[in-house]
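**Q** run.pdb is reproduced in full below (PDB, C-alpha atoms).
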ATOM      1  CA  MET A   1     117.534 162.524  75.845  1.00  0.00           C
ATOM      2  CA  ASN A   2     116.415 165.223  73.448  1.00  0.00           C
ATOM      3  CA  ILE A   3     112.675 165.101  72.932  1.00  0.00           C
ATOM      4  CA  GLY A   4     112.520 168.134  70.674  1.00  0.00           C
ATOM      5  CA  ARG A   5     110.499 171.293  71.059  1.00  0.00           C
ATOM      6  CA  PRO A   6     107.298 171.557  73.102  1.00  0.00           C
ATOM      7  CA  LYS A   7     104.075 171.530  71.123  1.00  0.00           C
ATOM      8  CA  ARG A   8     101.027 171.221  73.369  1.00  0.00           C
ATOM      9  CA  VAL A   9     100.002 171.040  76.994  1.00  0.00           C
ATOM     10  CA  PHE A  10      97.455 168.536  78.292  1.00  0.00           C
ATOM     11  CA  GLU A  11      95.709 168.017  81.583  1.00  0.00           C
ATOM     12  CA  VAL A  12      95.281 164.277  82.068  1.00  0.00           C
ATOM     13  CA  GLU A  13      92.978 162.821  84.700  1.00  0.00           C
ATOM     14  CA  PRO A  14      94.589 160.929  87.594  1.00  0.00           C
ATOM     15  CA  VAL A  15      95.435 157.263  87.179  1.00  0.00           C
ATOM     16  CA  SER A  16      95.016 154.592  89.824  1.00  0.00           C
ATOM     17  CA  ILE A  17      98.245 152.828  90.731  1.00  0.00           C
ATOM     18  CA  PRO A  18      98.228 149.009  90.603  1.00  0.00           C
ATOM     19  CA  VAL A  19      97.972 147.500  94.035  1.00  0.00           C
ATOM     20  CA  PRO A  20      99.220 143.933  94.442  1.00  0.00           C
ATOM     21  CA  GLU A  21      96.470 141.484  95.158  1.00  0.00           C
ATOM     22  CA  VAL A  22      96.590 140.254  98.740  1.00  0.00           C
ATOM     23  CA  LEU A  23      95.643 136.614  98.888  1.00  0.00           C
ATOM     24  CA  PRO A  24      93.611 135.487 101.909  1.00  0.00           C
ATOM     25  CA  VAL A  25      95.661 133.486 104.365  1.00  0.00           C
ATOM     26  CA  PRO A  26      94.059 130.055 104.949  1.00  0.00           C
ATOM     27  CA  GLU A  27      92.944 129.452 108.511  1.00  0.00           C
ATOM     28  CA  THR A  28      95.067 126.881 110.238  1.00  0.00           C
ATOM     29  CA  GLU A  29      93.729 124.100 112.407  1.00  0.00           C
ATOM     30  CA  PRO A  30      94.094 124.845 116.126  1.00  0.00           C
ATOM     31  CA  GLN A  31      96.948 122.807 117.457  1.00  0.00           C
ATOM     32  CA  ALA A  32      96.985 121.021 120.791  1.00  0.00           C
ATOM     33  CA  GLU A  33      98.974 122.801 123.439  1.00  0.00           C
ATOM     34  CA  PRO A  34     102.189 120.989 124.357  1.00  0.00           C
ATOM     35  CA  LEU A  35     102.145 119.245 127.683  1.00  0.00           C
ATOM     36  CA  PRO A  36     104.219 120.657 130.483  1.00  0.00           C
ATOM     37  CA  ALA A  37     107.492 118.882 131.049  1.00  0.00           C
ATOM     38  CA  GLY A  38     107.387 115.893 133.362  1.00  0.00           C
ATOM     39  CA  GLU A  39     103.658 115.330 133.034  1.00  0.00           C
ATOM     40  CA  PRO A  40     102.810 111.738 132.109  1.00  0.00           C
ATOM     41  CA  VAL A  41     101.457 111.198 128.677  1.00  0.00           C
ATOM     42  CA  PRO A  42      97.863 109.900 128.866  1.00  0.00           C
ATOM     43  CA  ALA A  43      97.619 106.322 127.715  1.00  0.00           C
ATOM     44  CA  ALA A  44      95.730 105.612 124.567  1.00  0.00           C
ATOM     45  CA  GLU A  45      92.229 104.343 125.085  1.00  0.00           C
ATOM     46  CA  PRO A  46      92.032 100.550 124.838  1.00  0.00           C
ATOM     47  CA  THR A  47      90.507  99.426 121.648  1.00  0.00           C
ATOM     48  CA  ALA A  48      87.969  96.640 121.496  1.00  0.00           C
ATOM     49  CA  PRO A  49      89.532  93.265 120.656  1.00  0.00           C
ATOM     50  CA  SER A  50      88.805  92.159 117.209  1.00  0.00           C
ATOM     51  CA  PRO A  51      86.730  89.052 116.951  1.00  0.00           C
TER      52      PRO A  51
ATOM     53  CA  MET B   1     100.040 180.860  81.498  1.00  0.00           C
ATOM     54  CA  SER B   2      98.373 180.932  78.063  1.00  0.00           C
ATOM     55  CA  GLN B   3     100.117 184.148  77.035  1.00  0.00           C
ATOM     56  CA  THR B   4     103.511 182.655  77.981  1.00  0.00           C
ATOM     57  CA  LEU B   5     102.732 179.512  75.985  1.00  0.00           C
ATOM     58  CA  LEU B   6     101.698 181.421  72.897  1.00  0.00           C
ATOM     59  CA  GLU B   7     104.838 183.530  73.092  1.00  0.00           C
ATOM     60  CA  ALA B   8     106.874 180.298  73.217  1.00  0.00           C
ATOM     61  CA  GLY B   9     104.969 178.885  70.233  1.00  0.00           C
ATOM     62  CA  ILE B  10     103.179 176.265  72.357  1.00  0.00           C
ATOM     63  CA  ARG B  11      99.495 175.571  71.859  1.00  0.00           C
ATOM     64  CA  PRO B  12      97.576 175.365  75.144  1.00  0.00           C
ATOM     65  CA  GLU B  13      95.150 172.449  75.254  1.00  0.00           C
ATOM     66  CA  ASP B  14      91.847 173.166  76.922  1.00  0.00           C
ATOM     67  CA  GLN B  15      90.510 169.659  76.649  1.00  0.00           C
ATOM     68  CA  ALA B  16      91.359 167.351  79.525  1.00  0.00           C
ATOM     69  CA  LEU B  17      92.246 163.761  78.650  1.00  0.00           C
ATOM     70  CA  SER B  18      90.627 160.937  80.601  1.00  0.00           C
ATOM     71  CA  GLU B  19      93.208 158.292  79.653  1.00  0.00           C
ATOM     72  CA  PRO B  20      96.903 158.454  80.552  1.00  0.00           C
ATOM     73  CA  ILE B  21      99.443 159.139  77.833  1.00  0.00           C
ATOM     74  CA  MET B  22     101.859 156.255  77.237  1.00  0.00           C
ATOM     75  CA  GLY B  23     105.576 156.770  76.782  1.00  0.00           C
ATOM     76  CA  TRP B  24     108.881 154.913  76.946  1.00  0.00           C
ATOM     77  CA  ARG B  25     111.684 155.301  79.462  1.00  0.00           C
ATOM     78  CA  VAL B  26     114.871 153.698  80.710  1.00  0.00           C
ATOM     79  CA  TRP B  27     116.185 153.584  84.284  1.00  0.00           C
ATOM     80  CA  THR B  28     119.150 152.416  86.268  1.00  0.00           C
ATOM     81  CA  LEU B  29     118.563 149.793  88.949  1.00  0.00           C
ATOM     82  CA  HIS B  30     119.790 149.806  92.550  1.00  0.00           C
ATOM     83  CA  SER B  31     119.596 147.598  95.615  1.00  0.00           C
ATOM     84  CA  ASN B  32     120.149 148.333  99.274  1.00  0.00           C
ATOM     85  CA  ARG B  33     122.969 146.773 101.285  1.00  0.00           C
ATOM     86  CA  ARG B  34     120.864 143.887 102.495  1.00  0.00           C
ATOM     87  CA  HIS B  35     119.754 143.157  98.927  1.00  0.00           C
ATOM     88  CA  THR B  36     116.130 143.293 100.030  1.00  0.00           C
ATOM     89  CA  GLU B  37     114.943 146.316  98.030  1.00  0.00           C
ATOM     90  CA  LEU B  38     115.059 147.130  94.342  1.00  0.00           C
ATOM     91  CA  ARG B  39     114.576 150.685  93.118  1.00  0.00           C
ATOM     92  CA  MET B  40     114.676 152.248  89.671  1.00  0.00           C
ATOM     93  CA  ARG B  41     116.351 155.618  89.279  1.00  0.00           C
ATOM     94  CA  PRO B  42     116.441 158.056  86.370  1.00  0.00           C
ATOM     95  CA  ILE B  43     119.467 157.664  84.103  1.00  0.00           C
ATOM     96  CA  ALA B  44     120.591 161.253  84.326  1.00  0.00           C
ATOM     97  CA  GLY B  45     121.135 163.535  87.272  1.00  0.00           C
ATOM     98  CA  ASN B  46     120.763 162.777  90.924  1.00  0.00           C
ATOM     99  CA  ALA B  47     116.996 162.413  91.074  1.00  0.00           C
ATOM    100  CA  PRO B  48     115.391 160.240  93.769  1.00  0.00           C
ATOM    101  CA  PRO B  49     114.309 156.674  92.931  1.00  0.00           C
ATOM    102  CA  TRP B  50     110.854 156.005  91.534  1.00  0.00           C
ATOM    103  CA  PRO B  51     108.777 154.852  94.506  1.00  0.00           C
ATOM    104  CA  PRO B  52     106.925 151.527  94.243  1.00  0.00           C
ATOM    105  CA  LEU B  53     103.118 151.611  94.384  1.00  0.00           C
ATOM    106  CA  GLU B  54     102.897 155.397  94.273  1.00  0.00           C
ATOM    107  CA  PRO B  55     103.320 157.794  91.389  1.00  0.00           C
ATOM    108  CA  ALA B  56     106.603 159.499  90.638  1.00  0.00           C
ATOM    109  CA  ARG B  57     106.054 163.257  90.815  1.00  0.00           C
ATOM    110  CA  ALA B  58     107.951 165.920  88.913  1.00  0.00           C
ATOM    111  CA  ARG B  59     109.793 168.545  90.917  1.00  0.00           C
ATOM    112  CA  CYS B  60     111.606 171.430  89.337  1.00  0.00           C
ATOM    113  CA  THR B  61     115.129 171.828  90.694  1.00  0.00           C
ATOM    114  CA  ARG B  62     115.692 175.085  88.860  1.00  0.00           C
ATOM    115  CA  ARG B  63     112.658 177.162  89.751  1.00  0.00           C
ATOM    116  CA  ARG B  64     110.970 175.614  92.715  1.00  0.00           C
ATOM    117  CA  TRP B  65     108.004 177.916  92.740  1.00  0.00           C
ATOM    118  CA  HIS B  66     106.276 176.538  89.669  1.00  0.00           C
ATOM    119  CA  ARG B  67     104.197 173.451  89.195  1.00  0.00           C
ATOM    120  CA  GLY B  68     106.109 170.927  87.087  1.00  0.00           C
ATOM    121  CA  PRO B  69     106.350 170.557  84.197  1.00  0.00           C
ATOM    122  CA  GLU B  70     106.357 174.176  83.127  1.00  0.00           C
ATOM    123  CA  PRO B  71     106.139 174.300  79.320  1.00  0.00           C
ATOM    124  CA  THR B  72     108.946 176.821  79.068  1.00  0.00           C
ATOM    125  CA  CYS B  73     111.218 174.921  81.515  1.00  0.00           C
ATOM    126  CA  THR B  74     112.916 171.512  81.135  1.00  0.00           C
ATOM    127  CA  CYS B  75     111.494 169.988  84.323  1.00  0.00           C
ATOM    128  CA  GLY B  76     109.114 167.024  84.466  1.00  0.00           C
ATOM    129  CA  LEU B  77     109.264 163.269  84.103  1.00  0.00           C
ATOM    130  CA  HIS B  78     110.622 162.639  80.620  1.00  0.00           C
ATOM    131  CA  ALA B  79     109.453 159.893  78.272  1.00  0.00           C
ATOM    132  CA  THR B  80     109.824 159.277  74.554  1.00  0.00           C
ATOM    133  CA  ARG B  81     107.148 158.378  72.034  1.00  0.00           C
ATOM    134  CA  ASP B  82     109.361 155.829  70.276  1.00  0.00           C
ATOM    135  CA  PRO B  83     111.528 153.232  72.102  1.00  0.00           C
ATOM    136  CA  GLY B  84     114.134 153.529  69.343  1.00  0.00           C
ATOM    137  CA  MET B  85     115.038 156.957  70.699  1.00  0.00           C
ATOM    138  CA  LEU B  86     116.325 155.337  73.899  1.00  0.00           C
ATOM    139  CA  HIS B  87     118.907 153.354  71.959  1.00  0.00           C
ATOM    140  CA  ARG B  88     121.762 155.666  72.941  1.00  0.00           C
ATOM    141  CA  ALA B  89     120.743 156.120  76.578  1.00  0.00           C
ATOM    142  CA  ARG B  90     123.648 155.906  78.982  1.00  0.00           C
ATOM    143  CA  ASN B  91     123.949 152.476  80.659  1.00  0.00           C
ATOM    144  CA  PRO B  92     120.290 151.628  81.228  1.00  0.00           C
ATOM    145  CA  ALA B  93     119.354 148.566  83.279  1.00  0.00           C
ATOM    146  CA  VAL B  94     115.594 148.644  82.733  1.00  0.00           C
ATOM    147  CA  ILE B  95     113.436 149.663  79.778  1.00  0.00           C
ATOM    148  CA  GLY B  96     109.693 150.066  80.046  1.00  0.00           C
ATOM    149  CA  THR B  97     106.475 151.802  79.205  1.00  0.00           C
ATOM    150  CA  VAL B  98     105.070 154.452  81.519  1.00  0.00           C
ATOM    151  CA  ALA B  99     101.671 156.029  82.070  1.00  0.00           C
ATOM    152  CA  LEU B 100     101.860 159.828  82.188  1.00  0.00           C
ATOM    153  CA  TRP B 101      99.241 162.087  83.727  1.00  0.00           C
ATOM    154  CA  GLY B 102      98.575 165.372  85.496  1.00  0.00           C
ATOM    155  CA  ARG B 103     100.012 168.211  83.451  1.00  0.00           C
ATOM    156  CA  VAL B 104     101.709 166.724  80.387  1.00  0.00           C
ATOM    157  CA  VAL B 105     103.739 168.768  77.921  1.00  0.00           C
ATOM    158  CA  GLU B 106     103.856 167.095  74.534  1.00  0.00           C
ATOM    159  CA  HIS B 107     107.109 167.578  72.611  1.00  0.00           C
ATOM    160  CA  GLU B 108     108.022 166.715  69.047  1.00  0.00           C
ATOM    161  CA  LEU B 109     109.532 163.363  70.118  1.00  0.00           C
ATOM    162  CA  GLY B 110     108.185 162.716  73.598  1.00  0.00           C
ATOM    163  CA  TYR B 111     106.632 164.086  76.739  1.00  0.00           C
ATOM    164  CA  ARG B 112     107.279 165.731  80.086  1.00  0.00           C
ATOM    165  CA  SER B 113     104.704 164.891  82.728  1.00  0.00           C
ATOM    166  CA  GLU B 114     103.736 165.846  86.247  1.00  0.00           C
ATOM    167  CA  PHE B 115     103.023 162.256  87.368  1.00  0.00           C
ATOM    168  CA  ALA B 116     104.118 158.890  86.007  1.00  0.00           C
ATOM    169  CA  TYR B 117     104.079 155.212  86.878  1.00  0.00           C
ATOM    170  CA  PRO B 118     105.679 152.270  85.033  1.00  0.00           C
ATOM    171  CA  GLN B 119     103.389 149.902  83.153  1.00  0.00           C
ATOM    172  CA  ARG B 120     105.653 147.166  81.780  1.00  0.00           C
ATOM    173  CA  LEU B 121     109.326 146.612  82.514  1.00  0.00           C
ATOM    174  CA  MET B 122     112.211 144.501  81.249  1.00  0.00           C
ATOM    175  CA  LEU B 123     115.870 144.156  82.253  1.00  0.00           C
ATOM    176  CA  VAL B 124     118.365 144.811  79.494  1.00  0.00           C
ATOM    177  CA  CYS B 125     122.067 144.194  78.960  1.00  0.00           C
ATOM    178  CA  HIS B 126     123.071 147.798  78.360  1.00  0.00           C
ATOM    179  CA  LEU B 127     125.856 146.877  75.936  1.00  0.00           C
ATOM    180  CA  CYS B 128     123.496 144.803  73.753  1.00  0.00           C
ATOM    181  CA  PHE B 129     120.860 147.528  74.079  1.00  0.00           C
ATOM    182  CA  TRP B 130     123.345 150.071  72.801  1.00  0.00           C
ATOM    183  CA  LEU B 131     124.354 147.814  69.912  1.00  0.00           C
ATOM    184  CA  TRP B 132     121.022 146.330  68.846  1.00  0.00           C
ATOM    185  CA  GLY B 133     118.158 147.901  70.756  1.00  0.00           C
ATOM    186  CA  PRO B 134     115.641 146.284  73.122  1.00  0.00           C
ATOM    187  CA  SER B 135     114.692 143.273  70.981  1.00  0.00           C
ATOM    188  CA  ARG B 136     118.171 141.685  71.286  1.00  0.00           C
ATOM    189  CA  SER B 137     119.247 142.808  74.742  1.00  0.00           C
ATOM    190  CA  ALA B 138     118.019 140.078  77.086  1.00  0.00           C
ATOM    191  CA  ALA B 139     120.153 139.793  80.230  1.00  0.00           C
ATOM    192  CA  ARG B 140     121.247 136.543  81.862  1.00  0.00           C
ATOM    193  CA  GLU B 141     122.991 137.713  85.001  1.00  0.00           C
ATOM    194  CA  VAL B 142     122.968 140.788  87.242  1.00  0.00           C
ATOM    195  CA  VAL B 143     126.181 142.108  88.779  1.00  0.00           C
ATOM    196  CA  ARG B 144     126.420 144.632  91.573  1.00  0.00           C
ATOM    197  CA  LEU B 145     128.773 147.603  91.572  1.00  0.00           C
ATOM    198  CA  ARG B 146     130.020 149.452  94.621  1.00  0.00           C
ATOM    199  CA  GLY B 147     127.298 151.741  95.855  1.00  0.00           C
ATOM    200  CA  GLY B 148     124.520 149.294  95.066  1.00  0.00           C
ATOM    201  CA  ARG B 149     124.026 149.863  91.364  1.00  0.00           C
ATOM    202  CA  LEU B 150     122.879 146.704  89.571  1.00  0.00           C
ATOM    203  CA  VAL B 151     123.988 145.978  86.016  1.00  0.00           C
ATOM    204  CA  PRO B 152     122.204 143.268  84.023  1.00  0.00           C
ATOM    205  CA  LEU B 153     124.444 141.608  81.429  1.00  0.00           C
ATOM    206  CA  CYS B 154     124.078 138.895  78.796  1.00  0.00           C
ATOM    207  CA  ASP B 155     126.314 135.789  78.874  1.00  0.00           C
ATOM    208  CA  GLU B 156     128.789 137.204  76.404  1.00  0.00           C
ATOM    209  CA  HIS B 157     129.205 140.488  78.256  1.00  0.00           C
ATOM    210  CA  VAL B 158     129.423 138.756  81.657  1.00  0.00           C
ATOM    211  CA  GLN B 159     132.400 136.803  80.337  1.00  0.00           C
ATOM    212  CA  LEU B 160     133.891 139.903  78.770  1.00  0.00           C
ATOM    213  CA  SER B 161     133.551 141.860  82.010  1.00  0.00           C
ATOM    214  CA  ARG B 162     135.301 139.067  83.953  1.00  0.00           C
ATOM    215  CA  ARG B 163     138.086 138.865  81.404  1.00  0.00           C
ATOM    216  CA  TYR B 164     138.774 142.577  81.741  1.00  0.00           C
ATOM    217  CA  GLY B 165     138.430 142.704  85.523  1.00  0.00           C
ATOM    218  CA  TYR B 166     135.241 144.780  85.635  1.00  0.00           C
ATOM    219  CA  PRO B 167     134.852 145.565  89.366  1.00  0.00           C
ATOM    220  CA  ALA B 168     131.516 143.834  89.906  1.00  0.00           C
ATOM    221  CA  ARG B 169     130.210 140.887  91.870  1.00  0.00           C
ATOM    222  CA  ARG B 170     127.494 138.516  90.826  1.00  0.00           C
ATOM    223  CA  PHE B 171     124.211 139.595  92.405  1.00  0.00           C
ATOM    224  CA  ALA B 172     121.674 137.113  91.054  1.00  0.00           C
ATOM    225  CA  GLY B 173     120.246 135.635  87.888  1.00  0.00           C
ATOM    226  CA  ALA B 174     118.528 138.190  85.677  1.00  0.00           C
ATOM    227  CA  SER B 175     115.195 136.339  85.667  1.00  0.00           C
ATOM    228  CA  GLU B 176     115.198 136.274  89.464  1.00  0.00           C
ATOM    229  CA  VAL B 177     115.870 140.025  89.675  1.00  0.00           C
ATOM    230  CA  GLU B 178     113.316 140.731  86.957  1.00  0.00           C
ATOM    231  CA  ILE B 179     110.598 138.860  88.868  1.00  0.00           C
ATOM    232  CA  ALA B 180     111.501 140.765  92.036  1.00  0.00           C
ATOM    233  CA  LEU B 181     111.387 144.076  90.135  1.00  0.00           C
ATOM    234  CA  LEU B 182     107.962 143.338  88.620  1.00  0.00           C
ATOM    235  CA  SER B 183     106.707 142.324  92.039  1.00  0.00           C
ATOM    236  CA  THR B 184     108.124 145.465  93.695  1.00  0.00           C
ATOM    237  CA  TYR B 185     106.343 147.790  91.259  1.00  0.00           C
ATOM    238  CA  ALA B 186     103.357 145.453  90.738  1.00  0.00           C
ATOM    239  CA  VAL B 187     103.649 145.625  86.955  1.00  0.00           C
ATOM    240  CA  ASP B 188     103.892 143.179  84.048  1.00  0.00           C
ATOM    241  CA  LEU B 189     106.814 142.060  81.959  1.00  0.00           C
ATOM    242  CA  LEU B 190     107.516 144.050  78.812  1.00  0.00           C
ATOM    243  CA  ARG B 191     107.724 141.833  75.746  1.00  0.00           C
ATOM    244  CA  VAL B 192     109.471 143.304  72.717  1.00  0.00           C
TER     245      VAL B 192
END
What would the structure in this file look like if it were written as structure tokens?

**A**
Amino acid sequence: MNIGRPKRVFEVEPVSIPVPEVLPVPETEPQAEPLPAGEPVPAAEPTAPSP
Amino acid sequence: MSQTLLEAGIRPEDQALSEPIMGWRVWTLHSNRRHTELRMRPIAGNAPPWPPLEPARARCTRRRWHRGPEPTCTCGLHATRDPGMLHRARNPAVIGTVALWGRVVEHELGYRSEFAYPQRLMLVCHLCFWLWGPSRSAAREVVRLRGGRLVPLCDEHVQLSRRYGYPARRFAGASEVEIALLSTYAVDLLRV
């Protein structure tokens, strides 16, 4: 690539490089810890009979 | 340095510029073996790739003791003023605009700078680029050569390369690679 003869010299102030925007990670709901193996699953609470 | 410049017919510029100078460049494109990184490299020579998210810096390989670009040397990060000048560049994969700063030597048809970073980029089919320039050189597919060099091609030249047994494998769709390239360097798409 021939860009011809030099003409002038400049001093150009520094440029800031683009930095990709980091999106905030949404907080996740705390999940219930899994039960240990062999432990009985607690029964669901009885609901009131409907009239 | 001023005396050297005057002897070479170059006018030293005392005034510092606050805005970067814009120029045009072309690069080749490469990926690593795992296909997880894209890097642009200068077309000529064996210069290192342009790093993402940090400026490319000129280093003189001839006379290492001077700050690049020395006006009387040929070192520095080259760019042209007019994209038409890049028409005959050897097998480019990417064309784009670049911001130039630090010490910048202005030439009749372009620039040599101390620092540079791409501004807008676009993949090109190098055969179409050679024939018609950037406005009619959109790529459809990217093939990978041995050594990791990526070559974007249009539909017609993909078919032609297959017909003639061009030793390349399909890498990905051009739009997919282009998005990954823009993301890697955190820049926008060049529209011509």

**Q** In Å to one decimal, how far is CA of Ala44 in chain B from CA of Asn91 in chain B?

**A**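 These atoms are spaced 10.1 Å apart.
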
**Q** Under the rule of at most 6 Å, produce a per-residue listing of chain A near chain B: chain, number, name, the closest pair of atoms, and the distance in Å, as a tab-separated table, using only C-alpha atoms.

**A**
residue	atom	partner	partner_atom	distance
A:Ile3	CA	B:Leu109	CA	4.6
A:Gly4	CA	B:Glu108	CA	5.0
A:Arg5	CA	B:His107	CA	5.3
A:Pro6	CA	B:His107	CA	4.0
A:Lys7	CA	B:Ile10	CA	5.0
A:Arg8	CA	B:Arg11	CA	4.9
A:Val9	CA	B:Val105	CA	4.5
A:Phe10	CA	B:Val104	CA	5.1
A:Glu11	CA	B:Arg103	CA	4.7
A:Val12	CA	B:Leu17	CA	4.6
A:Glu13	CA	B:Ser18	CA	5.1
A:Pro20	CA	B:Ala186	CA	5.8

**Q** Considering only C-alpha atoms, can you say which of B:Ser175, B:Thr61, B:Thr97, B:Asn32 comes closest to Pro152 in chain B?

**A**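 Looking only at the distances to Pro152 in chain B, the closest residue turns out to be B:Ser175.
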
**Q** Residues within 6 Å of Leu190 in chain B, please, as a list in words. Count all atoms listed in the file; anything in the same chain fewer than 3 positions from it doesn't count.

**A**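 Using all atoms listed in the file, the neighbours found are Arg120, Leu121 and Met122 of chain B.
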
**Q** What does the structure give for the distance between CA of Leu77 in chain B and CA of Leu29 in chain B, in Å to one decimal?

**A**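 According to the coordinates, CA of Leu77 in chain B and CA of Leu29 in chain B are separated by 17.1 Å.
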
**Q** When you draw a straight line from CA of Ile95 in chain B to CA of Thr28 in chain B, how long is it in Å?

**A**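 Between these atoms lies a distance of 9.1 Å.
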
**Q** Using only the atoms of range 52-64 of chain B listed in the file, plus 8 Å on each side, state the axis-aligned box centre and edge lengths in Å rounded to one decimal, as JSON.

**A**
{"center_x": 109.3, "center_y": 164.3, "center_z": 91.6, "size_x": 28.8, "size_y": 41.6, "size_z": 21.5}

**Q** Need to verify the contact set: His126 in chain B, 9 Å, all atoms listed in the file, exclusion of same-chain residues closer than 3 positions in sequence. Can you return it as a list of chain:residue names?

**A**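 Final neighbour list, sorted by chain and number: B:Ala89, B:Arg90, B:Asn91, B:Pro92, B:Ala93, B:Val94, B:Leu123, B:Phe129, B:Trp130, B:Leu131, B:Ser137, B:Ala139, B:Val151, B:Pro152, B:Leu153, B:Cys154.
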
**Q** With C-alpha atoms retained, could you export that selection as a compact mmCIF listing (two decimals), in the frame of the given file?

**A**
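Output saved as selection_38.txt:
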# COMPACT_ATOMS: atom_id res chain seq x y z
CA ALA B 89 120.74 156.12 76.58
CA ARG B 90 123.65 155.91 78.98
CA ASN B 91 123.95 152.48 80.66
CA PRO B 92 120.29 151.63 81.23
CA ALA B 93 119.35 148.57 83.28
CA VAL B 94 115.59 148.64 82.73
CA LEU B 123 115.87 144.16 82.25
CA PHE B 129 120.86 147.53 74.08
CA TRP B 130 123.34 150.07 72.80
CA LEU B 131 124.35 147.81 69.91
CA SER B 137 119.25 142.81 74.74
CA ALA B 139 120.15 139.79 80.23
CA VAL B 151 123.99 145.98 86.02
CA PRO B 152 122.20 143.27 84.02
CA LEU B 153 124.44 141.61 81.43
CA CYS B 154 124.08 138.90 78.80
